[in-house]
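Trainee: Supplied in structure tokens, the structure appears directly below.
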Amino acid sequence: DVSLSNIKLLEKGVECKINELNFFEKSGFQLDGFSSNFRISPKGIVAKQLKIKTPYSNIDGNINFATQNYASLPNFIEEVKINSLFNPSQLDFRDICFFSPALNCFRKSLHFDGKIKGKINNLKGRELSILLDDGTLFKGNVDITGLPNPEEMFMYIKAKKLTTTKEKIEAFPLYPFVEETFITLPDNFKHLGNIEFKGNFTGFYHDFVVYGQLKTVLGNLTTDVSLKLNDDAPHYNGKIMMDNFDLVHLLEMKNDLGRISMNVDVDGEGFAKE
């Protein structure tokens with residue numbers, strides 16, 4: 001079903017108000033509601049005051065897909081520039097999987113707002129706020145190249161604030177999601193409690209560098225560590241600086257050394273405390 005008003009013909013284009021649009025696609029995708037002040041022309045597609053509703057997602061914002069001409073649209077990934085502003089919205093990846101099979105079996109949803117700009121193969125997110133369904137919170141900026149192929153996806157993530165826990169990290173699936181593989185952390189990492197990180201992630205999803213500061217209930221850490229998520233065991237190399245940190249409690253040791261401050265060079269595999 002579709003309801004349009006304020007239809008205006010442009011040179012090689014059209015402008016209108018989409019009051020209501022809904023449909024059920026044979027693949028299973030269901031659109032319960034779509035409304036926008038809409039314009040399409042050789043210069044691109046503009047959707048202002050955009051509202052999209054599905055059984056799982058609710059999107060609110062303004063999107064501009066800028067093109068050189070209509071011939072750019074079939075080459076959307078390489079040639080179309082995105083300029084978007086999202087108001088507080090909810091996104092469930094069950095909807096995204098219909099358009100990106102590589103994300104199939106990624107069973108997550110999130111609340112978000114912020115700005116997304118650039119081409120699909122070179123995206124920039126600014127002033128982002130993302131709250132996952134498990135309570136993990138991210139605020140900051142993200143640059144991603146290499147989409148839509150996850151194997152080629154290179155990320156530079158500047159986290160102004162990232163809060164999580166051991167349990168939430170372990171519940172986050174690794175690509176390819178159909179294999180349902182997860183990071184396994186040692187049981188004693190639970191003593192860290194709520195973890196708050198401020199800093200940068202740089203690299204691929206399976207090979208990256210973490211540089212920044214972590215605040216935990218046991219004390220503070222500064223990391224400059226390269227982490228490679230191999231099939232057998234994660235490999236890490238770099239430096240960790242401890243500030244008034246209760247290492248004895250973390251390692252569940254019996255001797256009482258109290259909190260310590262020190263710099264440590266790390267190079268190893270796996271996360272077992274042995």
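Residues are named by chain letter and number: chains run A, B, ... in the order of the structure tokens, numbers start at 1 in each chain, and ligands are numbered from 1 in the order shown.
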Hey, what's within 10 Å of A:Ile157 if we count only C-alpha atoms and toss same-chain stuff fewer than 5 positions away? As a PDB file with N, CA, C and O atoms, in the first residue's frame, please?
Mentor:
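File written: selection_22.pdb
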ATOM      1  N   LYS A 124      32.193   6.929   7.216  1.00  0.00           N
ATOM      2  CA  LYS A 124      32.618   7.629   8.423  1.00  0.00           C
ATOM      3  C   LYS A 124      31.394   7.880   9.296  1.00  0.00           C
ATOM      4  O   LYS A 124      30.397   8.423   8.842  1.00  0.00           O
ATOM      5  N   GLY A 125      31.493   7.462  10.558  1.00  0.00           N
ATOM      6  CA  GLY A 125      30.454   7.743  11.532  1.00  0.00           C
ATOM      7  C   GLY A 125      30.957   8.764  12.533  1.00  0.00           C
ATOM      8  O   GLY A 125      32.071   8.641  13.051  1.00  0.00           O
ATOM      9  N   GLY A 140      31.373   7.667  20.214  1.00  0.00           N
ATOM     10  CA  GLY A 140      32.606   8.066  19.554  1.00  0.00           C
ATOM     11  C   GLY A 140      32.459   8.142  18.053  1.00  0.00           C
ATOM     12  O   GLY A 140      31.352   8.306  17.520  1.00  0.00           O
ATOM     13  N   ASN A 141      33.594   7.995  17.347  1.00  0.00           N
ATOM     14  CA  ASN A 141      33.649   8.094  15.896  1.00  0.00           C
ATOM     15  C   ASN A 141      34.187   6.802  15.295  1.00  0.00           C
ATOM     16  O   ASN A 141      35.007   6.116  15.930  1.00  0.00           O
ATOM     17  N   VAL A 142      33.744   6.478  14.079  1.00  0.00           N
ATOM     18  CA  VAL A 142      34.151   5.239  13.419  1.00  0.00           C
ATOM     19  C   VAL A 142      34.446   5.514  11.953  1.00  0.00           C
ATOM     20  O   VAL A 142      33.642   6.158  11.262  1.00  0.00           O
ATOM     21  N   ASP A 143      35.594   5.045  11.461  1.00  0.00           N
ATOM     22  CA  ASP A 143      35.923   5.053  10.034  1.00  0.00           C
ATOM     23  C   ASP A 143      36.072   3.602   9.584  1.00  0.00           C
ATOM     24  O   ASP A 143      36.825   2.846  10.201  1.00  0.00           O
ATOM     25  N   ILE A 144      35.368   3.220   8.500  1.00  0.00           N
ATOM     26  CA  ILE A 144      35.415   1.842   8.002  1.00  0.00           C
ATOM     27  C   ILE A 144      35.623   1.856   6.495  1.00  0.00           C
ATOM     28  O   ILE A 144      34.884   2.525   5.758  1.00  0.00           O
ATOM     29  N   GLY A 199      39.744   5.241  24.067  1.00  0.00           N
ATOM     30  CA  GLY A 199      40.935   5.089  23.240  1.00  0.00           C
ATOM     31  C   GLY A 199      40.590   4.681  21.826  1.00  0.00           C
ATOM     32  O   GLY A 199      39.475   4.946  21.337  1.00  0.00           O
ATOM     33  N   ASN A 200      41.519   3.977  21.161  1.00  0.00           N
ATOM     34  CA  ASN A 200      41.380   3.672  19.741  1.00  0.00           C
ATOM     35  C   ASN A 200      41.515   2.179  19.469  1.00  0.00           C
ATOM     36  O   ASN A 200      42.321   1.486  20.107  1.00  0.00           O
ATOM     37  N   PHE A 201      40.712   1.699  18.516  1.00  0.00           N
ATOM     38  CA  PHE A 201      40.885   0.385  17.910  1.00  0.00           C
ATOM     39  C   PHE A 201      41.270   0.618  16.447  1.00  0.00           C
ATOM     40  O   PHE A 201      40.580   1.360  15.734  1.00  0.00           O
ATOM     41  N   THR A 202      42.343  -0.027  15.977  1.00  0.00           N
ATOM     42  CA  THR A 202      42.773   0.147  14.596  1.00  0.00           C
ATOM     43  C   THR A 202      43.106  -1.201  13.990  1.00  0.00           C
ATOM     44  O   THR A 202      43.914  -1.954  14.547  1.00  0.00           O
ATOM     45  N   GLY A 203      42.479  -1.535  12.845  1.00  0.00           N
ATOM     46  CA  GLY A 203      42.816  -2.772  12.158  1.00  0.00           C
ATOM     47  C   GLY A 203      41.602  -3.510  11.640  1.00  0.00           C
ATOM     48  O   GLY A 203      40.519  -2.940  11.488  1.00  0.00           O
ATOM     49  N   VAL A 210      44.859  -2.152  20.103  1.00  0.00           N
ATOM     50  CA  VAL A 210      44.049  -1.448  21.094  1.00  0.00           C
ATOM     51  C   VAL A 210      44.964  -0.503  21.869  1.00  0.00           C
ATOM     52  O   VAL A 210      45.921  -0.943  22.515  1.00  0.00           O
TER      53      VAL A 210
END
Trainee: Show me a table, sorted first by chain and then by increasing residue number, of the residues of stretch 109-198 of chain A having an atom at most 8 Å from stretch 89-99 of chain A, each with its shortest atom pair and the distance in Å to one decimal, counting only C-alpha atoms and written as CSV.
Mentor:
residue,atom,partner,partner_atom,distance
A:Ser109,CA,A:Asp92,CA,4.1
A:Leu110,CA,A:Leu91,CA,5.4
A:His111,CA,A:Gln90,CA,4.4
A:Phe112,CA,A:Ser89,CA,5.4
A:Asp113,CA,A:Ser89,CA,6.3
Trainee: Near stretch 260-264 of chain A, counting only C-alpha atoms, which residues have an atom at most 9 Å away, once you skip same-chain residues fewer than 2 positions from it, shown as JSON, numbers by chain?
Mentor: {"A": [238, 239, 240, 241, 242, 243, 244, 245, 246, 247, 257, 258, 266]}
Trainee: Take the selection from the previous step and output its residues with C-alpha atoms, as a CSV table (one decimal), in the first residue's frame.
Mentor:
chain,number,residue,atom,x,y,z
A,238,GLY,CA,52.6,-4.9,23.3
A,239,LYS,CA,52.6,-3.0,26.6
A,240,ILE,CA,50.3,-2.7,29.5
A,241,MET,CA,50.7,0.0,32.2
A,242,MET,CA,49.0,-0.5,35.6
A,243,ASP,CA,48.0,2.3,37.8
A,244,ASN,CA,47.1,1.4,41.4
A,245,PHE,CA,45.8,-2.0,40.1
A,246,ASP,CA,44.9,-5.0,42.2
A,247,LEU,CA,46.7,-7.7,40.2
A,257,LEU,CA,50.8,-7.4,47.8
A,258,GLY,CA,48.1,-4.7,47.7
A,266,VAL,CA,53.3,-8.8,27.0
Trainee: Which neighbours of A:Val248 fall inside 12 Å, counting only C-alpha atoms, when residues of the same chain fewer than 4 positions from it are skipped, and could you give them as a PDB file with C-alpha atoms, in the first residue's frame?
Mentor:
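Contents of the output file out.pdb:
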ATOM      1  CA  ASN A 188      38.973 -14.624  36.777  1.00  0.00           C
ATOM      2  CA  HIS A 191      36.773  -9.606  38.876  1.00  0.00           C
ATOM      3  CA  LEU A 192      37.270  -6.617  36.553  1.00  0.00           C
ATOM      4  CA  LEU A 218      40.431  -3.373  40.313  1.00  0.00           C
ATOM      5  CA  GLY A 219      42.163  -0.209  39.099  1.00  0.00           C
ATOM      6  CA  ASN A 244      47.056   1.370  41.419  1.00  0.00           C
ATOM      7  CA  GLU A 252      43.351 -14.973  42.443  1.00  0.00           C
ATOM      8  CA  MET A 253      46.683 -15.247  44.248  1.00  0.00           C
ATOM      9  CA  LYS A 254      46.859 -15.834  47.992  1.00  0.00           C
ATOM     10  CA  ASN A 255      49.678 -13.418  48.863  1.00  0.00           C
ATOM     11  CA  ASP A 256      48.626  -9.879  49.778  1.00  0.00           C
ATOM     12  CA  LEU A 257      50.765  -7.434  47.791  1.00  0.00           C
ATOM     13  CA  GLY A 258      48.104  -4.749  47.654  1.00  0.00           C
ATOM     14  CA  ARG A 259      47.577  -2.537  44.631  1.00  0.00           C
ATOM     15  CA  ILE A 260      50.540  -1.944  42.328  1.00  0.00           C
ATOM     16  CA  LYS A 273      46.126 -17.011  33.883  1.00  0.00           C
TER      17      LYS A 273
END
Trainee: Go through A:Thr165, A:Asn194, A:Asn87, A:Gln213 one by one, measure the shortest atom-to-atom distance of each to A:Glu127 using only C-alpha atoms, and give the residue with the smallest value.
Mentor: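 Nearest to A:Glu127: A:Asn87.
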Trainee: Find the residues near stretch 224-229 of chain A: any atom within 8 Å, counting only C-alpha atoms, skip ones fewer than 4 places away on the same chain, and give them as a list in words.
Mentor: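 Everything that qualifies: His206, Asp207, Phe208, Val209, Val210, Tyr211, Gly212, Ala233, Pro234, His235, Tyr236, Asn237, Gly238, Lys239 and Ile240 of chain A.
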Trainee: Would you mind writing down, as a list in words, each residue of stretch 57-252 of chain A that DSSP on the backbone assigns to alpha helix (DSSP H)?
Mentor: Phe76, Ile77, Glu78, Glu79, Phe93, Arg94, Asp95, Ile96, Lys166, Glu167, Lys168, Ile169, Glu170, Leu247, Val248, His249 and Leu250 of chain A
Trainee: The selected residues should be written to file as a compact mmCIF listing (two decimals), in the first residue's frame (atoms: all heavy atoms).
Mentor:
# COMPACT_ATOMS: atom_id res chain seq x y z
N PHE A 76 26.23 1.50 -6.60
CA PHE A 76 25.95 2.21 -5.34
C PHE A 76 27.15 2.21 -4.40
O PHE A 76 27.49 3.24 -3.81
CB PHE A 76 24.74 1.57 -4.66
CG PHE A 76 24.18 2.38 -3.52
CD1 PHE A 76 23.13 3.24 -3.73
CD2 PHE A 76 24.73 2.27 -2.24
CE1 PHE A 76 22.60 3.99 -2.69
CE2 PHE A 76 24.21 3.02 -1.20
CZ PHE A 76 23.14 3.87 -1.42
N ILE A 77 27.82 1.08 -4.25
CA ILE A 77 28.89 0.94 -3.26
C ILE A 77 30.05 1.88 -3.57
O ILE A 77 30.60 2.53 -2.67
CB ILE A 77 29.37 -0.51 -3.20
CG1 ILE A 77 28.27 -1.42 -2.63
CG2 ILE A 77 30.64 -0.64 -2.34
CD1 ILE A 77 28.58 -2.89 -2.69
N GLU A 78 30.43 1.99 -4.84
CA GLU A 78 31.61 2.77 -5.21
C GLU A 78 31.30 4.22 -5.55
O GLU A 78 32.19 5.07 -5.43
CB GLU A 78 32.32 2.13 -6.41
CG GLU A 78 32.89 0.74 -6.16
CD GLU A 78 31.86 -0.35 -6.37
OE1 GLU A 78 30.74 -0.05 -6.85
OE2 GLU A 78 32.18 -1.52 -6.04
N GLU A 79 30.07 4.54 -5.98
CA GLU A 79 29.83 5.85 -6.57
C GLU A 79 28.85 6.74 -5.82
O GLU A 79 28.82 7.96 -6.05
CB GLU A 79 29.35 5.68 -8.02
CG GLU A 79 30.36 5.02 -8.93
CD GLU A 79 29.90 5.00 -10.39
OE1 GLU A 79 29.03 5.81 -10.74
OE2 GLU A 79 30.42 4.17 -11.16
N PHE A 93 19.33 -6.49 13.43
CA PHE A 93 20.05 -7.06 12.29
C PHE A 93 19.26 -8.16 11.59
O PHE A 93 19.66 -8.62 10.52
CB PHE A 93 21.43 -7.55 12.73
CG PHE A 93 22.42 -6.44 12.85
CD1 PHE A 93 22.53 -5.73 14.03
CD2 PHE A 93 23.22 -6.08 11.79
CE1 PHE A 93 23.42 -4.69 14.16
CE2 PHE A 93 24.12 -5.04 11.89
CZ PHE A 93 24.22 -4.34 13.08
N ARG A 94 18.14 -8.57 12.13
CA ARG A 94 17.27 -9.48 11.40
C ARG A 94 16.73 -8.81 10.14
O ARG A 94 16.44 -9.48 9.14
CB ARG A 94 16.12 -9.94 12.29
CG ARG A 94 16.50 -11.01 13.29
CD ARG A 94 15.35 -11.40 14.20
NE ARG A 94 15.05 -10.35 15.18
CZ ARG A 94 14.16 -10.48 16.15
NH1 ARG A 94 13.46 -11.61 16.26
NH2 ARG A 94 13.95 -9.51 17.02
N ASP A 95 16.60 -7.49 10.16
CA ASP A 95 16.18 -6.76 8.96
C ASP A 95 17.34 -6.59 7.98
O ASP A 95 17.17 -6.72 6.76
CB ASP A 95 15.64 -5.38 9.35
CG ASP A 95 14.30 -5.46 10.06
OD1 ASP A 95 13.48 -6.31 9.69
OD2 ASP A 95 14.09 -4.67 11.00
N ILE A 96 18.55 -6.30 8.50
CA ILE A 96 19.71 -6.07 7.65
C ILE A 96 20.10 -7.34 6.88
O ILE A 96 20.57 -7.28 5.75
CB ILE A 96 20.90 -5.58 8.48
CG1 ILE A 96 20.54 -4.29 9.21
CG2 ILE A 96 22.13 -5.36 7.61
CD1 ILE A 96 20.17 -3.15 8.30
N LYS A 166 33.00 -8.64 31.09
CA LYS A 166 33.51 -9.90 30.57
C LYS A 166 32.40 -10.71 29.92
O LYS A 166 32.55 -11.24 28.81
CB LYS A 166 34.13 -10.71 31.71
CG LYS A 166 34.41 -12.17 31.39
CD LYS A 166 34.81 -12.95 32.62
CE LYS A 166 35.05 -14.43 32.32
NZ LYS A 166 33.81 -15.15 31.96
N GLU A 167 31.25 -10.80 30.58
CA GLU A 167 30.15 -11.61 30.08
C GLU A 167 29.62 -11.08 28.75
O GLU A 167 29.27 -11.86 27.85
CB GLU A 167 29.03 -11.65 31.12
CG GLU A 167 29.37 -12.39 32.40
CD GLU A 167 30.27 -11.60 33.34
OE1 GLU A 167 30.39 -10.37 33.14
OE2 GLU A 167 30.87 -12.20 34.24
N LYS A 168 29.58 -9.77 28.60
CA LYS A 168 29.07 -9.18 27.36
C LYS A 168 30.05 -9.38 26.21
O LYS A 168 29.63 -9.62 25.06
CB LYS A 168 28.79 -7.69 27.58
CG LYS A 168 27.64 -7.43 28.55
CD LYS A 168 27.52 -5.97 28.91
CE LYS A 168 26.44 -5.75 29.97
NZ LYS A 168 26.36 -4.33 30.40
N ILE A 169 31.35 -9.31 26.49
CA ILE A 169 32.35 -9.56 25.46
C ILE A 169 32.24 -11.00 24.96
O ILE A 169 32.29 -11.27 23.76
CB ILE A 169 33.77 -9.28 26.00
CG1 ILE A 169 33.94 -7.79 26.30
CG2 ILE A 169 34.84 -9.75 25.00
CD1 ILE A 169 35.24 -7.45 27.00
N GLU A 170 32.07 -11.93 25.89
CA GLU A 170 31.99 -13.35 25.52
C GLU A 170 30.72 -13.68 24.75
O GLU A 170 30.67 -14.67 24.02
CB GLU A 170 32.07 -14.21 26.77
CG GLU A 170 33.44 -14.20 27.44
CD GLU A 170 33.49 -15.10 28.65
OE1 GLU A 170 32.52 -15.09 29.44
OE2 GLU A 170 34.50 -15.81 28.82
N LEU A 247 46.36 -6.51 41.03
CA LEU A 247 46.70 -7.66 40.19
C LEU A 247 46.52 -8.98 40.95
O LEU A 247 46.13 -10.00 40.36
CB LEU A 247 48.15 -7.53 39.71
CG LEU A 247 48.66 -8.62 38.77
CD1 LEU A 247 47.84 -8.66 37.49
CD2 LEU A 247 50.15 -8.41 38.46
N VAL A 248 46.79 -8.97 42.24
CA VAL A 248 46.66 -10.17 43.05
C VAL A 248 45.22 -10.69 43.03
O VAL A 248 44.96 -11.89 42.90
CB VAL A 248 47.10 -9.90 44.50
CG1 VAL A 248 46.76 -11.09 45.40
CG2 VAL A 248 48.60 -9.61 44.55
N HIS A 249 44.26 -9.76 43.13
CA HIS A 249 42.85 -10.14 43.09
C HIS A 249 42.48 -10.69 41.72
O HIS A 249 41.77 -11.70 41.61
CB HIS A 249 41.99 -8.93 43.44
CG HIS A 249 40.54 -9.26 43.66
ND1 HIS A 249 39.60 -8.32 43.95
CD2 HIS A 249 39.87 -10.44 43.61
CE1 HIS A 249 38.42 -8.89 44.08
NE2 HIS A 249 38.56 -10.18 43.88
N LEU A 250 42.97 -10.06 40.66
CA LEU A 250 42.67 -10.53 39.31
C LEU A 250 43.18 -11.95 39.09
O LEU A 250 42.47 -12.79 38.53
CB LEU A 250 43.28 -9.59 38.27
CG LEU A 250 43.14 -10.05 36.81
CD1 LEU A 250 41.67 -10.07 36.39
CD2 LEU A 250 43.94 -9.15 35.88
Trainee: Grab the atom CA of A:Glu15 to atom CA of A:Leu73 distance for me, in Å with one decimal place.
Mentor: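 Atom-to-atom, atom CA of A:Glu15 to atom CA of A:Leu73, that is 17.7 Å.
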Trainee: Using only C-alpha atoms for the distances, tell me which of A:Gly61, A:Gly268, A:Pro88, A:Gly13 is nearest to A:Gly44.
Mentor: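 For A:Gly44, the nearest of the candidates is A:Gly13.
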Trainee: What are the DSSP strand (DSSP E or B) residues of stretch 43-263 of chain A, as an MDAnalysis selection string?
Mentor: chainID A and resid 44:53 58:66 81:92 109:119 122:132 137:145 154:164 173:174 181:182 195:204 207:216 219:229 234:245 260:263
Trainee: Excluding A:Phe86 and its own-chain neighbours fewer than 6 positions away, which residues fall within 12 Å of it when counting only C-alpha atoms? Please give them as JSON, numbers by chain.
Mentor: {"A": [47, 48, 49, 50, 51, 52, 58, 59, 60, 61, 62, 63, 64, 111, 112, 113, 114, 115, 116, 117, 125, 126, 127, 128, 129, 130]}
Trainee: Output the selection as an mmCIF file, in the first residue's frame - N, CA, C and O atoms for each residue.
Mentor:
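This is the output file again09.cif:
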data_model
loop_
_atom_site.group_PDB
_atom_site.id
_atom_site.type_symbol
_atom_site.label_atom_id
_atom_site.label_comp_id
_atom_site.auth_asym_id
_atom_site.auth_seq_id
_atom_site.Cartn_x
_atom_site.Cartn_y
_atom_site.Cartn_z
ATOM 1 N N ALA A 47 15.822 11.898 1.308
ATOM 2 C CA ALA A 47 14.677 11.505 2.138
ATOM 3 C C ALA A 47 14.774 12.264 3.457
ATOM 4 O O ALA A 47 15.570 11.904 4.330
ATOM 5 N N LYS A 48 14.011 13.343 3.561
ATOM 6 C CA LYS A 48 13.994 14.138 4.785
ATOM 7 C C LYS A 48 12.817 13.707 5.660
ATOM 8 O O LYS A 48 11.810 13.231 5.168
ATOM 9 N N GLN A 49 13.001 13.893 6.973
ATOM 10 C CA GLN A 49 11.984 13.470 7.946
ATOM 11 C C GLN A 49 11.587 12.015 7.686
ATOM 12 O O GLN A 49 10.405 11.659 7.678
ATOM 13 N N LEU A 50 12.604 11.206 7.493
ATOM 14 C CA LEU A 50 12.412 9.795 7.159
ATOM 15 C C LEU A 50 12.044 8.989 8.401
ATOM 16 O O LEU A 50 12.688 9.093 9.444
ATOM 17 N N LYS A 51 11.016 8.187 8.269
ATOM 18 C CA LYS A 51 10.623 7.263 9.329
ATOM 19 C C LYS A 51 10.363 5.895 8.695
ATOM 20 O O LYS A 51 9.565 5.778 7.769
ATOM 21 N N ILE A 52 11.069 4.883 9.212
ATOM 22 C CA ILE A 52 10.937 3.513 8.725
ATOM 23 C C ILE A 52 10.595 2.608 9.895
ATOM 24 O O ILE A 52 11.261 2.652 10.937
ATOM 25 N N ASN A 58 13.019 0.567 14.062
ATOM 26 C CA ASN A 58 12.313 1.838 14.000
ATOM 27 C C ASN A 58 13.352 2.932 13.746
ATOM 28 O O ASN A 58 14.128 3.277 14.642
ATOM 29 N N ILE A 59 13.380 3.476 12.531
ATOM 30 C CA ILE A 59 14.415 4.410 12.105
ATOM 31 C C ILE A 59 13.823 5.808 11.926
ATOM 32 O O ILE A 59 12.746 5.969 11.358
ATOM 33 N N ASP A 60 14.576 6.828 12.393
ATOM 34 C CA ASP A 60 14.134 8.216 12.305
ATOM 35 C C ASP A 60 15.337 9.072 11.923
ATOM 36 O O ASP A 60 16.354 9.065 12.633
ATOM 37 N N GLY A 61 15.246 9.798 10.796
ATOM 38 C CA GLY A 61 16.384 10.632 10.420
ATOM 39 C C GLY A 61 16.227 11.294 9.074
ATOM 40 O O GLY A 61 15.121 11.399 8.521
ATOM 41 N N ASN A 62 17.351 11.762 8.522
ATOM 42 C CA ASN A 62 17.425 12.389 7.202
ATOM 43 C C ASN A 62 18.576 11.749 6.442
ATOM 44 O O ASN A 62 19.684 11.623 6.976
ATOM 45 N N ILE A 63 18.307 11.350 5.186
ATOM 46 C CA ILE A 63 19.321 10.669 4.383
ATOM 47 C C ILE A 63 19.409 11.313 3.002
ATOM 48 O O ILE A 63 18.389 11.601 2.369
ATOM 49 N N ASN A 64 20.650 11.509 2.551
ATOM 50 C CA ASN A 64 20.907 12.026 1.211
ATOM 51 C C ASN A 64 21.881 11.080 0.508
ATOM 52 O O ASN A 64 22.997 10.878 0.982
ATOM 53 N N HIS A 111 20.169 0.395 19.822
ATOM 54 C CA HIS A 111 19.646 1.751 19.740
ATOM 55 C C HIS A 111 20.813 2.661 19.351
ATOM 56 O O HIS A 111 21.931 2.483 19.861
ATOM 57 N N PHE A 112 20.566 3.630 18.479
ATOM 58 C CA PHE A 112 21.667 4.462 18.017
ATOM 59 C C PHE A 112 21.176 5.835 17.577
ATOM 60 O O PHE A 112 19.997 6.047 17.297
ATOM 61 N N ASP A 113 22.120 6.767 17.501
ATOM 62 C CA ASP A 113 21.921 8.054 16.838
ATOM 63 C C ASP A 113 23.289 8.584 16.443
ATOM 64 O O ASP A 113 24.315 8.117 16.932
ATOM 65 N N GLY A 114 23.307 9.552 15.508
ATOM 66 C CA GLY A 114 24.564 10.116 15.042
ATOM 67 C C GLY A 114 24.555 10.383 13.552
ATOM 68 O O GLY A 114 23.510 10.331 12.893
ATOM 69 N N LYS A 115 25.750 10.680 13.012
ATOM 70 C CA LYS A 115 25.908 11.034 11.605
ATOM 71 C C LYS A 115 26.726 9.960 10.891
ATOM 72 O O LYS A 115 27.720 9.474 11.433
ATOM 73 N N ILE A 116 26.309 9.615 9.663
ATOM 74 C CA ILE A 116 27.045 8.675 8.831
ATOM 75 C C ILE A 116 27.242 9.301 7.457
ATOM 76 O O ILE A 116 26.283 9.742 6.824
ATOM 77 N N LYS A 117 28.510 9.358 7.019
ATOM 78 C CA LYS A 117 28.842 10.001 5.746
ATOM 79 C C LYS A 117 29.796 9.121 4.943
ATOM 80 O O LYS A 117 30.465 8.242 5.486
ATOM 81 N N GLY A 125 31.493 7.462 10.558
ATOM 82 C CA GLY A 125 30.454 7.743 11.532
ATOM 83 C C GLY A 125 30.957 8.764 12.533
ATOM 84 O O GLY A 125 32.071 8.641 13.051
ATOM 85 N N ARG A 126 30.153 9.786 12.795
ATOM 86 C CA ARG A 126 30.557 10.848 13.697
ATOM 87 C C ARG A 126 29.486 11.084 14.757
ATOM 88 O O ARG A 126 28.291 10.970 14.480
ATOM 89 N N GLU A 127 29.955 11.408 15.973
ATOM 90 C CA GLU A 127 29.053 11.678 17.101
ATOM 91 C C GLU A 127 28.071 10.518 17.294
ATOM 92 O O GLU A 127 26.882 10.718 17.548
ATOM 93 N N LEU A 128 28.601 9.306 17.187
ATOM 94 C CA LEU A 128 27.757 8.118 17.291
ATOM 95 C C LEU A 128 27.513 7.746 18.753
ATOM 96 O O LEU A 128 28.405 7.847 19.597
ATOM 97 N N SER A 129 26.312 7.307 19.017
ATOM 98 C CA SER A 129 25.958 6.716 20.296
ATOM 99 C C SER A 129 25.243 5.407 19.994
ATOM 100 O O SER A 129 24.202 5.410 19.320
ATOM 101 N N ILE A 130 25.813 4.286 20.445
ATOM 102 C CA ILE A 130 25.277 2.960 20.129
ATOM 103 C C ILE A 130 25.114 2.172 21.427
ATOM 104 O O ILE A 130 26.078 1.984 22.173
#
Trainee: One decimal, in Å: what's the spacing between atom CA of A:Thr67 and atom CA of A:Val14?
Mentor: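 Calculated distance between atom CA of A:Thr67 and atom CA of A:Val14 is 15.3 Å.
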Trainee: Between A:Thr136, A:Pro42, A:Gln68, A:Pro150, which one has atoms that come closest to A:Pro101, using only C-alpha atoms?
Mentor: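 Looking only at the distances to A:Pro101, the closest residue turns out to be A:Pro150.
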Trainee: May I ask which of the residues A:Glu269, A:Glu151, A:Glu196, A:Asp187 is the closest one to A:Asn230, counting only C-alpha atoms?
Mentor: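 Looking at the shortest contact to A:Asn230, the residue is A:Glu269.
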